[in-house]
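Asker: Questions regarding the structure given below will be posed in turn.
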Amino acid sequence: MSLILGTAVTLPAFSAENTTTELEEVVVTGIRGSLNSSMELKRDSQGVMDGIVAEDIGKFPDTNLAESMQRVSGVSIDRSLGEGSKVTVRGVGPDFNLVLLNGRQMPAAQLEETGASSSRAFDFANLASESISALEVYKTSRASTPTGGIGATINIKTARPLDNPGLHTSFGAKGVMDTSVDNLPKSLQGDSITPEVSGIYSQTFGDDRFGISLSASYQERDFGFNQASVGNGWKTFAGDENNWGSIPQAGTPAAANIVNRPDATDTYSVPQNLGYSVNGVERKRTNGQLTLQYAPTDTITTTLDYTYSENKIAQQRNELSVWFNFGPSASTWTDGPVSSPLVYSEFIDANTAPSDLAMGGAKFATKNENKSVGFNTEWKPTDSFGLQFDFHNSTAESGADSPYGSNAVLGVAGFFRGTTTADFSRDFPVISVQLPNGMTAIDPSRTEVTGSSFRNSYMKTEIQQAQLTGNLEFFEDSRLDFGVGLTDLKNRSAYSNVQLDTWSSNADAGAYPDNVWRADTVRHYFDNIGGSGNPSLFNQFFTFDFETVRAIAASIGGEQNYRASPIFQVDRRVEEESQSAFVQYSQRWEWGLPMQGAVGLRYEKTDVTSRALVPTATGIVWVANNEFSLQLGDATFEKLEGDYNYVLPSLDFAVDLTDSIKFRASYGESIGRPLWDQIQGGRTLDQLVRINGGTGTQGNPKLKPLESENIDFSVEWYYGNSSYMSVGYFRKNIDNYIGTTVVTQTPYDLAHPGQGAYFQEAVASGCSDRDLTCIRNFIFNNHNGDPGVVADPINPADPTAARTGRIAGLPGDPIATFNITVPANQRSAELDGWEFNIQHMFWDTGFGLSANYTLVDSGLTYDNYNRGQQFALEGLSDAANLVAFYENEKFQVRAAYNWRDEFLARRFDGGGGPNPIYTEAYGQLDVSASYNWNENLTLMAEAINLTDEIYRQHSRTSHQVIMVQQTGPRFMIGARYKFGN
């Protein structure tokens, strides 16, 4: 216990001249002290549990909690903006790992790029580590633990003053140098050095009956990332399929342009678009916690605490992108049965019918705010009986922090793009573009704002939780734990979108002065990614100041069209009211060997109420070649309900085979609640419709949670001082796995202009039904002013250019069909794996290491050959960690390498289609060092991502890139001064 709480042990020393026993204090501190405390926590735990313990108050091993947790066996992290954010445990994704703060269930809220997240996962990037005293990862079920964690339940423990009597004060400061800002356009670069400051104060008074602790931290980080991506996904076909987007059939004249054409039975995919972006980001994170404790008697302890965190992220980007309209093409393919394009090219006549070279930009900001206030009373009237009451009200809120909204995008284009080629043969996808005859550089005088989108997304989750627990110790080494709880959890997600679908030319390029477009090159932003040196790369694009260009666009098209709206078009609200009760009996006994066991039951009942405000659709308008805009009307509320209840047993057994070897076995059942979008009511149609119809989603609050039967076995050998080895096997049988069903519907009976009378007339006149430019030109030339048709004026500078305008669906046109995705409990899944751990101290040399490896396997994997929707476990991957260190009284040096194998991140890509997204294997080396100037002052240095790794995702094969991202190493130099004890 002293190792866990204070890292101090006492050893007897005997004198030949004096029979009085003297005590010599041996203090175990530093990295070894932290690892030793974590080892003892594991050794003494009920069930399978790992953890990280701070060696000293205010000094957690890593600056980011997620990056600390990745050192724990079985734990892998998802990275966002170059930092760890969410955790996967034993192959179970972030949504099904429950996070507690001092035993209390924590809410989560976050925004994705174009809307509120549906995730329940807690984002550890919101919390600084200065006030954290320990992280406990419970991998087996406990009756006393709130439900929701199938992979693990993670308890974040903060410092309490009465646990550490006396005065404890420290202050730290760092300078952060993120090299990624150096590889950005000047307009996107932030400060080269940003500050981090933190402090903690803890003091007890009145014979240690009253205590107060206050911790606070403030961190700024300016950084950037550069990314190449197929952001709108891939269209997937059978080799013999003849559909919009498919390549020419074998035997047709156009098939001569296809090299190594996929066979009839192969599965292949073509890209919807390809683009590059340069991104500058500014993050400001503020954390604080105040804890008051009062113990009026030896039997009563009360605690009142308040925790606050705020994470502000502002982002600005410029980009270059091309959109493929699936006209005449040439391509080169890999072998099947799953084929990928090595090269994909579309023929575009840059002189007579040029397409758009898009060079859009974005500027937006978001704020994540977490608040938690809690009260706890612990009463222990006797040594064998105790009661505890705990209540907390906690909120997590995410929203826009800019008048432009949570995601603001300006579409900018020059209409001088000819034949366009994408080379996917290397890690970096290469865009090649032909310009019109005589044009060697992109022309600022022909560049303008086209479409735009100003999204305002919002998400808030609130938890009110009351728990009454007790324990009774009777006989010898026997204990009964019991409790009841009430939890009221509310989630709200909403968004509005002010969007102009004028992605074609607005014929107002002359309104934008040439000097607002700044010429730049592409290649040097991606110099760390293989393939970026390809001489065929189209190495030019324009960057611009977002606010300057937005103001010009607003002066033309109206301020209201270029600013986010505070009035939400979609508003979804879910309430989960849960009642719980548990009982657990534990016992220690001797039966030839020391043994311990625990058996428990937990009852959980949940009522779900979902209300959703969703807009109605009033029509469809054809606004660009393959872009049809859904016209929205007034919104209405819908209400749906559901409920479920479970009895969840748990059983733990452990035996000390020897003084140093322990065997464990555990069985438990747990549940994981559905994601928010899966139980939110209301049908939502995607605003962008295609020629073959639209898409949408609808929630189902009657969904049951995932049910998991969990089995664990482990053997642990504690063979030396602070040294141990362990091997564990785990298996999870998961029922009620939530998949999706696609239902074809015709909501609101919307007439689709893409197959209407005007369309058929154009085809009859000689246009191919694939040549949408020809069809639109025919309609504008022959029906301008007729019902539903409004053509823009002919461009006098280029009368041969493609006509633009709007074509609305009319009565009598075919009714649009929509593929509505609805979640459903449909399948069962199994996964199992092994965990291997070793922690070894090399005698008294100061050297040590800690290493672990986790193997995870499941039969529920993604079949890349299958083009339909599938059930597959997301996040399933092997992982490894290696930490090597050296320390003495003055120096500490630690090198930590984390590796995660390739894993399925998502089952749907950016186009909404059933295509996999795999995150490729990634390893990162972090190094830290410190020097104890004296007993109070410590100097520190850290290097994150020292080897400058890239982050890459792909679809069905490695050539089908989804995203490849380049960031850069990050360096920190600082000092920490400790006052008092």
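Residue numbering restarts at 1 for every chain of the structure tokens, chains are lettered A, B, ... in their displayed order, and ligands are numbered from 1 as they appear.
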Let's see if you can do this: from backbone DSSP, list all strand (DSSP E) residues in segment 329-486 of chain A, as JSON, numbers by chain.
Answerer: {"A": [329, 330, 331, 332, 333, 338, 339, 341, 342, 343, 344, 345, 346, 355, 356, 357, 358, 361, 362, 363, 364, 365, 366, 367, 368, 369, 370, 371, 372, 373, 374, 375, 376, 377, 378, 379, 380, 381, 382, 385, 386, 387, 388, 389, 390, 391, 392, 393, 394, 395, 396, 397, 398, 399, 400, 407, 408, 409, 410, 411, 412, 413, 414, 415, 416, 417, 420, 421, 422, 423, 430, 431, 432, 433, 447, 448, 449, 450, 451, 452, 453, 454, 455, 456, 457, 458, 459, 460, 461, 462, 463, 464, 465, 466, 467, 468, 469, 470, 471, 472, 473, 474, 478, 479, 480, 481, 482, 483, 484, 485, 486]}
Asker: Hey, what does DSSP flag as alpha helix (DSSP H) within segment 754-958 of chain A? Can you give it to me as a list in words?
Answerer: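 Here is the list: Ala757, Tyr758, Phe759, Gln760, Glu761, Ala762, Val763, Ala764, Leu772, Thr773, Cys774, Ile775, Arg776, Asn777, Phe778, Ile779, Phe780, Asn781, Asn782 and His783 of chain A.
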Asker: So that I have them on file, write out the residues from the current selection with N, CA and C atoms, as an mmCIF file, in the first residue's frame.
Answerer:
data_model
loop_
_atom_site.group_PDB
_atom_site.id
_atom_site.type_symbol
_atom_site.label_atom_id
_atom_site.label_comp_id
_atom_site.auth_asym_id
_atom_site.auth_seq_id
_atom_site.Cartn_x
_atom_site.Cartn_y
_atom_site.Cartn_z
ATOM 1 N N ALA A 757 -38.636 14.150 -68.568
ATOM 2 C CA ALA A 757 -38.964 14.327 -69.989
ATOM 3 C C ALA A 757 -37.882 15.108 -70.714
ATOM 4 N N TYR A 758 -37.355 16.169 -70.090
ATOM 5 C CA TYR A 758 -36.294 16.934 -70.729
ATOM 6 C C TYR A 758 -35.065 16.056 -70.956
ATOM 7 N N PHE A 759 -34.745 15.256 -69.965
ATOM 8 C CA PHE A 759 -33.582 14.359 -70.059
ATOM 9 C C PHE A 759 -33.764 13.391 -71.222
ATOM 10 N N GLN A 760 -34.916 12.772 -71.311
ATOM 11 C CA GLN A 760 -35.156 11.790 -72.373
ATOM 12 C C GLN A 760 -35.152 12.441 -73.756
ATOM 13 N N GLU A 761 -35.623 13.667 -73.831
ATOM 14 C CA GLU A 761 -35.603 14.379 -75.102
ATOM 15 C C GLU A 761 -34.163 14.626 -75.558
ATOM 16 N N ALA A 762 -33.288 14.976 -74.588
ATOM 17 C CA ALA A 762 -31.881 15.217 -74.931
ATOM 18 C C ALA A 762 -31.210 13.940 -75.418
ATOM 19 N N VAL A 763 -31.517 12.822 -74.803
ATOM 20 C CA VAL A 763 -30.948 11.539 -75.235
ATOM 21 C C VAL A 763 -31.448 11.194 -76.633
ATOM 22 N N ALA A 764 -32.731 11.438 -76.864
ATOM 23 C CA ALA A 764 -33.289 11.139 -78.187
ATOM 24 C C ALA A 764 -32.663 12.013 -79.273
ATOM 25 N N LEU A 772 -23.577 13.924 -69.299
ATOM 26 C CA LEU A 772 -24.485 14.841 -68.615
ATOM 27 C C LEU A 772 -24.270 16.287 -69.038
ATOM 28 N N THR A 773 -23.055 16.628 -69.462
ATOM 29 C CA THR A 773 -22.821 17.981 -69.970
ATOM 30 C C THR A 773 -23.634 18.234 -71.232
ATOM 31 N N CYS A 774 -23.633 17.268 -72.140
ATOM 32 C CA CYS A 774 -24.411 17.392 -73.374
ATOM 33 C C CYS A 774 -25.901 17.531 -73.057
ATOM 34 N N ILE A 775 -26.373 16.724 -72.125
ATOM 35 C CA ILE A 775 -27.800 16.745 -71.784
ATOM 36 C C ILE A 775 -28.196 18.082 -71.175
ATOM 37 N N ARG A 776 -27.372 18.592 -70.250
ATOM 38 C CA ARG A 776 -27.699 19.872 -69.619
ATOM 39 C C ARG A 776 -27.656 21.009 -70.643
ATOM 40 N N ASN A 777 -26.652 21.001 -71.523
ATOM 41 C CA ASN A 777 -26.587 22.041 -72.554
ATOM 42 C C ASN A 777 -27.833 22.017 -73.445
ATOM 43 N N PHE A 778 -28.276 20.814 -73.813
ATOM 44 C CA PHE A 778 -29.476 20.700 -74.653
ATOM 45 C C PHE A 778 -30.691 21.292 -73.948
ATOM 46 N N ILE A 779 -30.847 20.968 -72.673
ATOM 47 C CA ILE A 779 -32.023 21.457 -71.938
ATOM 48 C C ILE A 779 -31.966 22.978 -71.808
ATOM 49 N N PHE A 780 -30.787 23.523 -71.488
ATOM 50 C CA PHE A 780 -30.688 24.973 -71.335
ATOM 51 C C PHE A 780 -30.893 25.690 -72.662
ATOM 52 N N ASN A 781 -30.388 25.106 -73.738
ATOM 53 C CA ASN A 781 -30.504 25.755 -75.049
ATOM 54 C C ASN A 781 -31.917 25.688 -75.610
ATOM 55 N N ASN A 782 -32.673 24.653 -75.231
ATOM 56 C CA ASN A 782 -33.984 24.443 -75.848
ATOM 57 C C ASN A 782 -35.161 24.694 -74.909
ATOM 58 N N HIS A 783 -34.907 24.771 -73.614
ATOM 59 C CA HIS A 783 -36.039 24.901 -72.686
ATOM 60 C C HIS A 783 -35.844 26.001 -71.653
#
Asker: Within 6 Å of Tyr308 of chain A, counting only C-alpha atoms, which residues qualify if same-chain residues fewer than 5 places away don't, as a list in words?
Answerer: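 The filter keeps Asn287, Gly288, Asn370 and Lys371 of chain A.
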Asker: I'd like to know which of A:Arg956, A:Thr145, A:Ser505, A:Ala896 is closest to Ser850 of chain A, using only C-alpha atoms.
Answerer: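 For Ser850 of chain A, the nearest of the candidates is A:Ala896.
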Asker: Using only C-alpha atoms, can you tell me which of A:Leu593, A:Ala519, A:Ala581, A:Ile794 comes closest to Leu486 of chain A?
Answerer: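 Answer, going by the shortest atom-to-atom distance: A:Ala581.
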Asker: Given only C-alpha atoms as the basis, pick out the residue of A:Gly619, A:Pro787, A:Pro107, A:Gly84 nearest to Ser398 of chain A.
Answerer: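 Distance minimum relative to Ser398 of chain A lands on A:Pro107.
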Asker: For Ser532 of chain A, which residue among A:Phe475, A:Phe424, A:Phe730, A:Phe544 is the nearest when counting only C-alpha atoms?
Answerer: A:Phe424
Asker: Using Å and a single decimal, report how far atom CA of Gly51 of chain A sits from atom CA of Thr301 of chain A.
Answerer: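 Separating atom CA of Thr301 of chain A from atom CA of Gly51 of chain A is a distance of 25.8 Å.
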Asker: Determine the nearest neighbour of Glu196 of chain A from the options A:Val259, A:Val137, A:Ala350, A:Met972, counting only C-alpha atoms.
Answerer: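 Closest to Glu196 of chain A of all the choices is A:Met972.
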